[in-house]
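final31.csv (CSV, C-alpha atoms)
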chain,number,residue,atom,x,y,z
A,137,MET,CA,8.3,4.6,-29.9
A,138,ILE,CA,8.1,1.1,-28.5
A,139,ALA,CA,6.1,1.1,-25.3
A,140,PRO,CA,3.4,0.5,-24.2
A,141,PHE,CA,4.0,-2.9,-25.8
A,142,PHE,CA,0.4,-4.3,-25.7
A,143,GLU,CA,-1.1,-1.1,-27.1
A,144,ASN,CA,1.4,-1.1,-29.9
A,145,GLY,CA,0.6,-4.7,-30.8
A,146,VAL,CA,3.7,-6.4,-29.6
A,147,PHE,CA,1.6,-9.2,-28.1
A,148,GLY,CA,-2.1,-10.2,-28.1
A,149,GLU,CA,-5.0,-10.7,-25.8
A,150,THR,CA,-4.0,-14.2,-24.6
A,151,ALA,CA,-0.5,-13.2,-23.7
A,152,SER,CA,-1.9,-10.1,-21.9
A,153,LEU,CA,-3.6,-12.4,-19.4
A,154,GLY,CA,-0.2,-14.0,-18.6
A,155,VAL,CA,1.1,-10.5,-18.0
A,156,ALA,CA,-1.9,-9.8,-15.8
A,157,LEU,CA,-1.1,-12.8,-13.7
A,158,ALA,CA,2.6,-11.9,-13.4
A,159,ILE,CA,1.9,-8.2,-12.6
A,160,GLY,CA,-0.8,-9.3,-10.0
A,161,ILE,CA,1.6,-11.7,-8.3
A,162,ALA,CA,4.2,-8.9,-8.0
A,163,PHE,CA,1.5,-6.5,-6.8
A,164,GLY,CA,0.3,-8.9,-4.1
A,165,TRP,CA,3.9,-9.6,-3.1
A,166,PHE,CA,4.8,-6.0,-2.4
A,167,LEU,CA,1.5,-5.3,-0.6
A,168,GLU,CA,2.2,-8.2,1.7
A,169,ARG,CA,5.9,-7.3,2.2
A,170,SER,CA,4.9,-3.8,3.3
A,171,GLY,CA,2.4,-5.0,5.8
A,172,MET,CA,-0.6,-3.7,3.8
A,173,GLY,CA,-2.4,-7.0,4.2
A,174,SER,CA,-2.8,-6.4,7.9
A,175,ALA,CA,-6.0,-4.5,9.0
A,176,ARG,CA,-4.4,-3.5,12.3
A,177,LYS,CA,-1.5,-1.9,10.5
A,178,LEU,CA,-3.7,-0.1,8.0
A,179,ALA,CA,-6.0,1.2,10.7
A,180,GLY,CA,-3.0,2.6,12.6
A,181,GLN,CA,-2.8,5.1,9.7
A,182,PHE,CA,-6.1,6.7,10.9
A,183,TYR,CA,-5.0,7.0,14.5
A,184,LEU,CA,-1.5,8.4,13.6
A,185,ARG,CA,0.2,5.4,15.1
A,186,ASP,CA,1.6,3.8,11.9
A,187,LEU,CA,1.9,5.8,8.7
A,188,THR,CA,3.0,2.9,6.5
A,189,VAL,CA,0.0,3.3,4.2
A,190,PHE,CA,0.9,6.9,3.4
A,191,LYS,CA,4.6,6.1,2.9
A,192,VAL,CA,4.1,3.0,0.7
A,193,MET,CA,1.3,4.7,-1.4
A,194,PHE,CA,3.2,7.9,-2.1
A,195,THR,CA,6.5,6.2,-2.7
A,196,ALA,CA,4.7,4.0,-5.3
A,197,ILE,CA,2.9,7.0,-6.9
A,198,ILE,CA,6.1,9.1,-7.3
A,199,THR,CA,8.1,6.2,-8.5
A,200,ALA,CA,5.6,5.3,-11.3
A,201,MET,CA,5.0,9.0,-12.0
A,202,LEU,CA,8.7,9.7,-12.5
A,203,GLY,CA,9.2,6.6,-14.5
A,204,VAL,CA,6.4,7.6,-16.9
A,205,PHE,CA,7.8,11.1,-17.1
A,206,TRP,CA,11.4,10.1,-17.8
A,207,LEU,CA,10.6,7.3,-20.2
A,208,GLY,CA,8.2,9.6,-22.1
A,209,TRP,CA,10.9,12.3,-22.2
A,210,ALA,CA,13.5,9.8,-23.5
A,211,GLY,CA,11.1,8.8,-26.2
A,212,ALA,CA,10.9,5.1,-25.1
A,213,LEU,CA,7.2,5.4,-24.0
A,214,ASP,CA,4.3,6.8,-25.9
A,215,VAL,CA,2.6,8.5,-23.0
A,216,ASP,CA,-0.5,9.3,-25.1
A,217,ARG,CA,-1.3,5.6,-25.4
A,218,ILE,CA,-1.5,5.0,-21.6
A,219,PHE,CA,-5.1,4.8,-20.4
A,220,VAL,CA,-5.7,7.7,-18.0
A,221,PRO,CA,-8.8,7.4,-15.8
A,222,GLU,CA,-11.4,10.0,-16.7
A,223,THR,CA,-12.5,12.7,-14.3
A,224,TRP,CA,-16.1,12.9,-13.1
A,225,ILE,CA,-15.9,15.5,-10.4
A,226,LEU,CA,-19.0,15.0,-8.2
A,227,PRO,CA,-19.3,11.2,-8.4
A,228,GLN,CA,-15.6,10.8,-7.6
A,229,LEU,CA,-15.8,13.3,-4.7
A,230,ALA,CA,-18.9,11.5,-3.3
A,231,GLY,CA,-17.5,8.1,-4.1
A,232,GLY,CA,-14.2,9.0,-2.4
A,233,VAL,CA,-16.1,10.1,0.8
A,234,ILE,CA,-18.2,6.9,0.9
A,235,PHE,CA,-15.1,4.8,0.1
A,236,GLY,CA,-13.1,6.5,2.9
A,237,ILE,CA,-15.8,5.8,5.5
A,238,GLY,CA,-15.9,2.2,4.4
A,239,PHE,CA,-12.1,2.0,4.6
A,240,ALA,CA,-12.1,3.3,8.2
A,241,ILE,CA,-14.9,0.8,9.1
A,242,SER,CA,-13.3,-2.2,7.5
A,243,GLY,CA,-9.6,-1.4,8.1
A,244,LEU,CA,-8.8,-2.7,4.6
A,245,CYS,CA,-9.3,-1.6,1.0
A,246,PRO,CA,-10.3,-3.8,-1.9
A,247,GLY,CA,-6.8,-4.9,-3.0
A,248,THR,CA,-5.4,-5.2,0.5
A,249,SER,CA,-8.5,-7.2,1.7
A,250,CYS,CA,-7.6,-9.8,-0.9
A,251,VAL,CA,-4.1,-10.0,0.5
A,252,ALA,CA,-5.4,-10.2,4.0
A,253,ALA,CA,-7.8,-13.0,3.0
A,254,ALA,CA,-5.0,-14.8,1.2
A,255,THR,CA,-2.8,-14.7,4.3
A,256,GLY,CA,-5.3,-16.3,6.6
A,257,ARG,CA,-7.1,-13.2,8.0
A,258,ILE,CA,-10.8,-14.1,8.4
A,259,ASP,CA,-11.7,-10.4,8.7
A,260,GLY,CA,-10.0,-9.9,5.3
A,261,LEU,CA,-12.4,-12.5,3.8
A,262,ALA,CA,-15.4,-10.7,5.4
A,263,VAL,CA,-14.3,-7.4,3.7
A,264,VAL,CA,-13.9,-9.2,0.4
A,265,ALA,CA,-17.5,-10.6,0.7
A,266,GLY,CA,-18.9,-7.2,1.8
A,267,MET,CA,-17.1,-5.4,-1.1
A,268,PHE,CA,-18.6,-7.9,-3.5
A,269,ALA,CA,-22.1,-7.5,-2.1
A,270,GLY,CA,-21.7,-3.7,-2.2
A,271,VAL,CA,-20.6,-3.6,-5.8
A,272,LEU,CA,-23.4,-6.1,-6.8
A,273,GLY,CA,-26.1,-4.1,-4.9
A,274,THR,CA,-25.0,-0.8,-6.3
A,275,GLY,CA,-24.8,-2.3,-9.8
A,276,LEU,CA,-28.4,-3.6,-9.5
A,277,LEU,CA,-29.6,-0.1,-8.5
A,278,PHE,CA,-27.6,1.5,-11.2
A,279,THR,CA,-30.5,2.9,-13.2
A,280,ARG,CA,-31.4,5.1,-10.2
A,281,LEU,CA,-27.8,6.3,-9.8
A,282,GLN,CA,-27.2,6.8,-13.4
A,283,ALA,CA,-27.9,10.5,-13.6
A,284,PHE,CA,-25.5,11.3,-10.8
A,285,TYR,CA,-23.0,8.7,-12.0
A,286,PHE,CA,-22.6,10.5,-15.3
A,287,SER,CA,-22.7,14.0,-13.9
A,288,THR,CA,-19.9,16.6,-14.1
A,289,PRO,CA,-17.8,14.8,-16.7
A,290,ARG,CA,-14.4,16.3,-17.5
A,291,GLY,CA,-13.0,13.5,-19.7
A,292,VAL,CA,-9.2,12.9,-19.4
A,293,TYR,CA,-8.3,15.9,-17.2
A,294,THR,CA,-4.9,16.1,-15.6
A,295,LEU,CA,-3.2,18.3,-13.0
A,296,PRO,CA,-1.0,20.1,-15.6
A,297,GLN,CA,-4.2,21.1,-17.4
A,298,LEU,CA,-5.9,22.2,-14.2
A,299,PHE,CA,-3.0,24.4,-13.1
A,300,ASN,CA,-2.0,25.3,-16.6
A,301,ALA,CA,1.5,24.2,-15.9
A,302,SER,CA,4.0,21.9,-17.7
A,303,GLN,CA,4.0,18.2,-16.8
A,304,GLY,CA,7.6,18.6,-15.4
A,305,ALA,CA,6.6,21.4,-13.0
A,306,ILE,CA,3.7,19.3,-11.7
A,307,VAL,CA,5.8,16.2,-11.3
A,308,PHE,CA,8.4,18.2,-9.4
A,309,GLY,CA,5.7,19.7,-7.2
A,310,VAL,CA,4.2,16.3,-6.4
A,311,VAL,CA,7.7,14.9,-5.5
A,312,LEU,CA,8.3,17.9,-3.2
A,313,ILE,CA,5.0,17.5,-1.5
A,314,ALA,CA,5.6,13.7,-1.0
A,315,PHE,CA,9.0,14.3,0.6
A,316,ALA,CA,7.6,17.0,2.9
A,317,GLY,CA,4.8,14.4,3.8
A,318,PHE,CA,7.4,11.7,4.5
A,319,ARG,CA,9.2,14.1,6.9
A,320,ILE,CA,6.0,14.9,8.7
A,321,ALA,CA,5.0,11.2,8.8
A,322,GLU,CA,8.4,10.3,10.5
A,323,MET,CA,8.0,13.2,13.0
A,324,ILE,CA,4.5,12.1,13.9
A,325,GLU,CA,5.5,8.4,14.3
A,326,ARG,CA,8.6,9.4,16.5
A,327,ARG,CA,6.4,11.6,18.7
A,328,PHE,CA,3.9,8.8,19.1
A,329,THR,CA,6.5,6.1,20.0
A,330,ARG,CA,8.1,8.4,22.6
A,331,ALA,CA,4.7,9.2,24.1
A,332,SER,CA,3.8,5.6,24.4
A,333,ILE,CA,7.2,4.7,26.1
A,334,GLU,CA,6.9,7.5,28.7
B,89,MET,CA,8.7,-20.3,12.2
B,90,SER,CA,8.5,-16.9,13.8
B,91,ALA,CA,7.1,-14.1,11.6
B,92,LYS,CA,9.7,-11.9,10.0
B,93,PRO,CA,9.2,-8.1,10.3
B,94,TYR,CA,7.7,-6.2,7.4
B,95,SER,CA,9.9,-4.5,4.8
B,96,ASN,CA,11.0,-0.9,4.9
B,97,PRO,CA,7.9,1.0,3.7
B,98,TYR,CA,9.8,3.2,1.3
B,99,LEU,CA,11.6,0.1,-0.2
B,100,ALA,CA,8.3,-1.8,-0.6
B,101,GLY,CA,6.6,1.4,-2.0
B,102,PHE,CA,9.4,1.7,-4.5
B,103,GLY,CA,8.9,-2.0,-5.6
B,104,LEU,CA,5.1,-1.3,-5.8
B,105,GLY,CA,5.9,1.7,-8.0
B,106,LEU,CA,8.0,-0.3,-10.3
B,107,VAL,CA,5.2,-2.9,-10.6
B,108,LEU,CA,2.8,0.0,-11.5
B,109,LEU,CA,5.3,1.4,-14.0
B,110,SER,CA,5.7,-2.1,-15.6
B,111,ALA,CA,1.9,-2.2,-16.1
B,112,PHE,CA,2.0,1.2,-17.8
B,113,VAL,CA,5.0,0.2,-20.0
B,114,ILE,CA,3.9,-3.3,-20.9
B,115,MET,CA,0.1,-2.9,-21.0
B,116,GLY,CA,-0.6,0.8,-21.3
B,117,ARG,CA,-2.8,0.6,-18.3
B,118,GLY,CA,-2.5,0.6,-14.5
B,119,LEU,CA,-3.4,-1.7,-11.6
B,120,GLY,CA,-6.9,-2.3,-10.2
B,121,ALA,CA,-8.9,-4.3,-7.6
B,122,SER,CA,-12.5,-3.0,-7.5
B,123,GLY,CA,-12.8,-3.5,-11.3
B,124,ALA,CA,-12.4,-7.3,-10.7
B,125,PHE,CA,-15.2,-7.2,-8.1
B,126,ALA,CA,-17.4,-5.4,-10.7
B,127,SER,CA,-16.5,-8.0,-13.3
B,128,GLY,CA,-17.5,-10.8,-10.8
B,129,ALA,CA,-20.7,-9.1,-9.8
B,130,ALA,CA,-21.6,-8.7,-13.5
B,131,ALA,CA,-21.0,-12.4,-14.0
B,132,VAL,CA,-23.2,-13.3,-11.1
B,133,ALA,CA,-26.0,-10.9,-12.3
B,134,ALA,CA,-25.7,-12.4,-15.8
B,135,ALA,CA,-26.0,-15.9,-14.5
B,136,ALA,CA,-29.1,-15.1,-12.4
B,137,ALA,CA,-30.9,-12.9,-14.9
B,138,PRO,CA,-29.1,-12.7,-18.3
B,139,LYS,CA,-31.5,-10.2,-19.9
B,140,SER,CA,-31.6,-7.6,-17.1
B,141,ALA,CA,-27.8,-7.8,-16.6
B,142,GLY,CA,-27.2,-7.2,-20.3
B,143,ALA,CA,-29.6,-4.2,-20.2
B,144,ASN,CA,-27.9,-2.8,-17.1
B,145,ASP,CA,-25.4,-0.1,-18.3
B,146,TYR,CA,-23.1,-0.8,-15.4
B,147,PHE,CA,-22.8,-4.6,-15.7
B,148,ALA,CA,-23.0,-4.6,-19.6
B,149,ARG,CA,-19.5,-3.1,-19.9
B,150,TYR,CA,-18.1,-6.2,-18.1
B,151,LEU,CA,-20.0,-8.7,-20.3
B,152,SER,CA,-19.4,-9.7,-23.9
B,153,ALA,CA,-21.7,-8.5,-26.6
B,154,SER,CA,-23.8,-11.6,-26.2
B,155,GLY,CA,-24.2,-10.9,-22.5
B,156,SER,CA,-22.0,-13.7,-21.2
B,157,PRO,CA,-19.1,-13.1,-18.8
B,158,ARG,CA,-15.7,-12.7,-20.4
B,159,ILE,CA,-12.2,-13.2,-18.9
B,160,ASP,CA,-11.3,-9.8,-17.6
B,161,TRP,CA,-7.7,-8.6,-17.4
B,162,LEU,CA,-8.3,-7.3,-13.8
B,163,VAL,CA,-9.8,-10.6,-12.6
B,164,VAL,CA,-6.6,-12.4,-13.7
B,165,GLU,CA,-4.5,-9.7,-12.1
B,166,LEU,CA,-6.4,-10.0,-8.8
B,167,ILE,CA,-5.9,-13.8,-8.8
B,168,GLY,CA,-2.2,-12.9,-9.1
B,169,VAL,CA,-2.5,-10.6,-6.1
B,170,VAL,CA,-3.9,-13.5,-4.0
B,171,ILE,CA,-1.1,-15.8,-5.1
B,172,GLY,CA,1.6,-13.2,-4.6
B,173,GLY,CA,0.3,-12.2,-1.2
B,174,PHE,CA,0.0,-15.8,-0.1
B,175,VAL,CA,3.5,-16.8,-1.2
B,176,SER,CA,5.1,-13.7,0.3
B,177,ALA,CA,3.3,-14.3,3.7
B,178,VAL,CA,4.2,-18.1,3.8
B,179,LEU,CA,7.9,-17.3,3.0
B,180,ALA,CA,8.0,-14.7,5.7
B,181,GLY,CA,6.2,-16.9,8.3
B,182,ARG,CA,3.4,-14.4,8.4
B,183,PHE,CA,0.5,-16.6,7.2
B,184,ARG,CA,-1.8,-16.7,10.2
B,185,ARG,CA,-5.4,-17.8,10.7
B,186,GLU,CA,-6.8,-14.9,12.8
B,187,ILE,CA,-9.2,-12.0,13.0
B,188,GLU,CA,-7.3,-8.8,13.2
B,189,LYS,CA,-8.9,-6.3,15.6
B,190,GLY,CA,-8.3,-4.3,18.7
B,191,PRO,CA,-8.5,-5.7,22.3
B,192,ARG,CA,-11.9,-4.2,23.1
B,193,ILE,CA,-14.1,-5.7,20.4
B,194,SER,CA,-15.5,-9.2,19.9
B,195,ASP,CA,-14.7,-11.4,16.9
B,196,ALA,CA,-18.3,-11.3,15.7
B,197,ALA,CA,-18.6,-7.5,16.0
B,198,ARG,CA,-15.3,-7.1,14.1
B,199,LEU,CA,-16.5,-9.5,11.3
B,200,ARG,CA,-19.8,-7.6,11.1
B,201,LEU,CA,-17.9,-4.3,10.7
B,202,ALA,CA,-15.5,-5.8,8.2
B,203,PHE,CA,-18.4,-6.9,6.0
B,204,THR,CA,-20.3,-3.6,6.4
B,205,GLY,CA,-17.2,-1.6,5.7
B,206,GLY,CA,-16.6,-3.7,2.6
B,207,GLY,CA,-20.1,-3.1,1.4
B,208,VAL,CA,-19.8,0.7,1.9
B,209,MET,CA,-16.5,0.7,0.0
B,210,GLY,CA,-18.3,-1.2,-2.8
B,211,VAL,CA,-20.8,1.7,-3.2
B,212,GLY,CA,-18.0,4.2,-3.2
B,213,ALA,CA,-15.8,2.3,-5.6
B,214,VAL,CA,-18.7,2.1,-8.1
B,215,LEU,CA,-19.4,5.9,-8.0
B,216,ALA,CA,-15.7,6.8,-8.1
B,217,ARG,CA,-14.9,4.3,-10.9
B,218,GLY,CA,-12.2,2.6,-8.9
B,219,CYS,CA,-10.5,2.3,-5.5
B,220,THR,CA,-7.1,2.7,-3.9
B,221,SER,CA,-5.5,0.7,-6.8
B,222,GLY,CA,-7.3,2.0,-9.9
B,223,GLN,CA,-7.8,5.6,-8.8
B,224,ALA,CA,-5.3,6.4,-6.0
B,225,LEU,CA,-2.2,4.6,-7.3
B,226,THR,CA,-2.9,4.4,-11.1
B,227,GLY,CA,-4.7,7.7,-11.6
B,228,GLY,CA,-2.5,9.4,-9.0
B,229,ALA,CA,0.7,8.5,-10.8
B,230,LEU,CA,-0.9,9.6,-14.1
B,231,LEU,CA,-1.9,13.0,-12.5
B,232,SER,CA,-5.6,12.6,-13.2
B,233,VAL,CA,-7.6,15.3,-11.4
B,234,GLY,CA,-10.5,13.0,-10.5
B,235,SER,CA,-8.1,10.5,-8.9
B,236,TRP,CA,-6.6,13.2,-6.7
B,237,ILE,CA,-10.1,14.3,-5.8
B,238,PHE,CA,-10.7,10.7,-4.8
B,239,ILE,CA,-7.5,10.5,-2.7
B,240,GLY,CA,-8.3,13.7,-0.8
B,241,ALA,CA,-11.9,12.8,-0.2
B,242,ALA,CA,-11.2,9.2,0.8
B,243,PHE,CA,-8.5,10.1,3.3
B,244,ALA,CA,-10.4,13.1,4.7
B,245,ALA,CA,-13.5,10.9,5.2
B,246,ALA,CA,-11.5,8.1,6.8
B,247,TYR,CA,-9.9,10.4,9.3
B,248,ALA,CA,-13.2,12.0,10.1
B,249,ALA,CA,-14.9,8.6,10.7
B,250,ALA,CA,-11.9,7.1,12.6
B,251,PRO,CA,-12.7,8.6,16.1
B,252,LEU,CA,-16.1,6.9,16.0
B,253,LEU,CA,-14.5,3.5,15.3
B,254,ARG,CA,-11.7,3.7,17.9
B,255,LYS,CA,-13.0,0.7,19.8
B,256,THR,CA,-12.5,-1.5,16.8
B,257,TRP,CA,-8.8,-1.0,16.9
B,258,ILE,CA,-7.4,0.6,20.1
Take the structure in the file and give it back as structure tokens.
Amino acid sequence: MIAPFFENGVFGETASLGVALAIGIAFGWFLERSGMGSARKLAGQFYLRDLTVFKVMFTAIITAMLGVFWLGWAGALDVDRIFVPETWILPQLAGGVIFGIGFAISGLCPGTSCVAAATGRIDGLAVVAGMFAGVLGTGLLFTRLQAFYFSTPRGVYTLPQLFNASQGAIVFGVVLIAFAGFRIAEMIERRFTRASIE
Amino acid sequence: MSAKPYSNPYLAGFGLGLVLLSAFVIMGRGLGASGAFASGAAAVAAAAAPKSAGANDYFARYLSASGSPRIDWLVVELIGVVIGGFVSAVLAGRFRREIEKGPRISDAARLRLAFTGGGVMGVGAVLARGCTSGQALTGGALLSVGSWIFIGAAFAAAYAAAPLLRKTWI
């Protein structure tokens, strides 16, 4: 077992910040390359005119998911040492709904708003400022939210556990669903382009 | 220089997936964005009122044991995102000082909505413990149930809210 390198002590805290910078640069690069720094393009997702967000996000998810699965299977990556976000059912359901509404209002999400701001978009800067104010305000009111915030905990809880299936079966299922989604996305975009030409 | 068209979404998504996979392999953790905002908010709270920030269970996790801000991995990563986005846009001729919006809304109204939407997302990201990066991409690829709940809820809510916001974009 070699990877994950940081978790296995291959390098320390200081070097990890250099890794953070490099990974961040690559992250920002691909977000910008795909057009995810443009609020107009992102908003197009919600009016079925431009499904780039869906395509980019799900291609990224299945790429990383398959990579983890295969590297783990080959014994090159200790999957148990990767930090998996814990599940808190109700707070994440409510948080998701609130987040989605904010996403539709602003046209950008936290990461893409930083790319938008970095590429000159003033509206991106406004989203960054709003996001900061929102997190700060919610944090200041945290004692009142605490009971809900810590409700319905499930710890590390994954889809293979939920469906009582092997990791391979779930990975295969997610890939199938993603490819079906890509097909549908292409069909929707084609229909829309044709309709707007006519 | 005229702006070059954006990359093929599947190709860019594949690149993004490899970046996420690299984070898993090198660091044992995924990507994030809202966590860096939380870290910054904690630092501001600590500077304004050190005692109450240290006693706040949400901010305390982003501060050192003595209550002072510490350099967070996600903050450095997000600085990288800004640099990477900027360089990519400049090289492609896509850096442009503008306000992105539809033709039927004023600049001021769009900026108000951008700030408001950002604020609403901030509330959601705190409750959900992450955003499109830390939950959707990272938790999605790691098959976390809570992350998939977040993805479903966020997209459903965005589609439900979109018709009311049509004027902003179309």
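Proximity ranking of A:Gly145, A:Gly231, A:Gly171, A:Gly317 relative to Ala213 of chain B places A:Gly231 first, based on only C-alpha atoms.
Using only C-alpha atoms, the shortest contact distance between Gly206 of chain B and any of B:Leu252, B:Ser176, B:Gly101, B:Cys219 is found at B:Cys219.
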(request) Please provide the set of residues having any atom within 8 Å of Val170 of chain B, restricted to all atoms listed in the file, with same-chain residues fewer than 4 positions apart removed, written as a ChimeraX atom specification. (result) /A:160-161,164,250-251,254 /B:166,174
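Residues with any atom within 9 Å of Leu199 of chain B, counting all atoms listed in the file and excluding same-chain neighbours fewer than 6 positions away, are Ser242, Ile258, Asp259, Gly260, Ala262 and Val263 of chain A; Ile187 of chain B.
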(request) Find the distance between atom CA of Leu229 of chain A and atom CA of Phe125 of chain B and write it in Å to one decimal. (result) 20.8 Å
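Here atom CA of Leu153 of chain A and atom CA of Glu165 of chain B stand 7.8 Å from one another.
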(message) Would you pick out the contacts of Ala179 of chain A at 10 Å or less, using all atoms listed in the file, so that residues sharing its chain but fewer than 5 positions from it are not included, and give the list as a PyMOL selection string?
(response) (chain A and resi 174+184-187+189+239-244) or (chain B and resi 189-190+246+250+253-254+256-258)
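Atom pair atom CA of Gly236 of chain A / atom CA of Gly205 of chain B: separated by 9.5 Å.
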(request) Write out as a PyMOL selection string the residues lying within 8 Å of Ala124 of chain B, counting only C-alpha atoms and excluding same-chain residues fewer than 6 positions away. (result) chain B and resi 160+162-163+166
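For the choices A:Val204, A:Val271, A:Leu213, A:Ile237, the atom-to-atom distance to Arg217 of chain B is smallest for A:Val271 when using all atoms listed in the file.
Between chain A and the candidates B:Ala91, B:Ala143, B:Leu109, B:Ala180, the tightest atom-to-atom separation, counting all atoms listed in the file, involves B:Leu109.
Candidate residues B:Gly227, B:Pro138, B:Pro251, B:Gly240 were compared for distance to Phe112 of chain B, and the nearest is B:Gly227, using only C-alpha atoms.
Each of A:Ala230, A:Arg169, A:Glu143, A:Asn300 was compared to Ile239 of chain B using only C-alpha atoms, and A:Ala230 turns out to be the nearest.
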(request) Give as a PyMOL selection string every residue, naming chains and numbers as the document does, that has an atom within 12 Å of (-10.8, -12.3, -17.9), counting only C-alpha atoms. (result) (chain A and resi 149-154+156-157) or (chain B and resi 123-128+131+150-152+156-167)
Mind checking which residues fall within 9 Å of Ser232 of chain B, counting all atoms listed in the file, ignoring those fewer than 5 positions away in the same chain, and posting them as a PDB file with C-alpha atoms, in the frame of the given file?
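selection-v9.pdb, written as the output of this step:
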ATOM      1  CA  VAL A 220      -5.700   7.700 -18.000  1.00  0.00           C
ATOM      2  CA  PRO A 221      -8.800   7.400 -15.800  1.00  0.00           C
ATOM      3  CA  GLU A 222     -11.400  10.000 -16.700  1.00  0.00           C
ATOM      4  CA  THR A 223     -12.500  12.700 -14.300  1.00  0.00           C
ATOM      5  CA  VAL A 292      -9.200  12.900 -19.400  1.00  0.00           C
ATOM      6  CA  TYR A 293      -8.300  15.900 -17.200  1.00  0.00           C
ATOM      7  CA  THR A 294      -4.900  16.100 -15.600  1.00  0.00           C
ATOM      8  CA  LEU A 295      -3.200  18.300 -13.000  1.00  0.00           C
TER       9      LEU A 295
ATOM     10  CA  GLN B 223      -7.800   5.600  -8.800  1.00  0.00           C
ATOM     11  CA  THR B 226      -2.900   4.400 -11.100  1.00  0.00           C
ATOM     12  CA  GLY B 227      -4.700   7.700 -11.600  1.00  0.00           C
ATOM     13  CA  ILE B 237     -10.100  14.300  -5.800  1.00  0.00           C
TER      14      ILE B 237
END
N, CA and C atoms are what I want for segment 95-107 of chain B; can you complete it accordingly and write them as a compact mmCIF listing (two decimals), in the frame of the given file?
# COMPACT_ATOMS: atom_id res chain seq x y z
N SER B 95 8.88 -5.28 5.46
CA SER B 95 9.90 -4.50 4.80
C SER B 95 9.87 -3.05 5.15
N ASN B 96 10.97 -2.35 4.86
CA ASN B 96 11.00 -0.90 4.90
C ASN B 96 9.89 -0.35 4.01
N PRO B 97 9.00 0.54 4.51
CA PRO B 97 7.90 1.00 3.70
C PRO B 97 8.30 1.73 2.41
N TYR B 98 9.41 2.45 2.47
CA TYR B 98 9.80 3.20 1.30
C TYR B 98 10.36 2.20 0.22
N LEU B 99 11.05 1.15 0.69
CA LEU B 99 11.60 0.10 -0.20
C LEU B 99 10.43 -0.63 -0.88
N ALA B 100 9.45 -1.04 -0.05
CA ALA B 100 8.30 -1.80 -0.60
C ALA B 100 7.48 -0.87 -1.51
N GLY B 101 7.36 0.41 -1.15
CA GLY B 101 6.60 1.40 -2.00
C GLY B 101 7.33 1.55 -3.33
N PHE B 102 8.68 1.56 -3.30
CA PHE B 102 9.40 1.70 -4.50
C PHE B 102 9.19 0.44 -5.42
N GLY B 103 9.18 -0.74 -4.81
CA GLY B 103 8.90 -2.00 -5.60
C GLY B 103 7.47 -1.92 -6.16
N LEU B 104 6.53 -1.46 -5.37
CA LEU B 104 5.10 -1.30 -5.80
C LEU B 104 5.06 -0.35 -7.00
N GLY B 105 5.82 0.74 -6.89
CA GLY B 105 5.90 1.70 -8.00
C GLY B 105 6.41 1.17 -9.24
N LEU B 106 7.44 0.30 -9.11
CA LEU B 106 8.00 -0.30 -10.30
C LEU B 106 7.00 -1.30 -10.94
N VAL B 107 6.21 -1.98 -10.12
CA VAL B 107 5.20 -2.90 -10.60
C VAL B 107 4.15 -2.04 -11.44
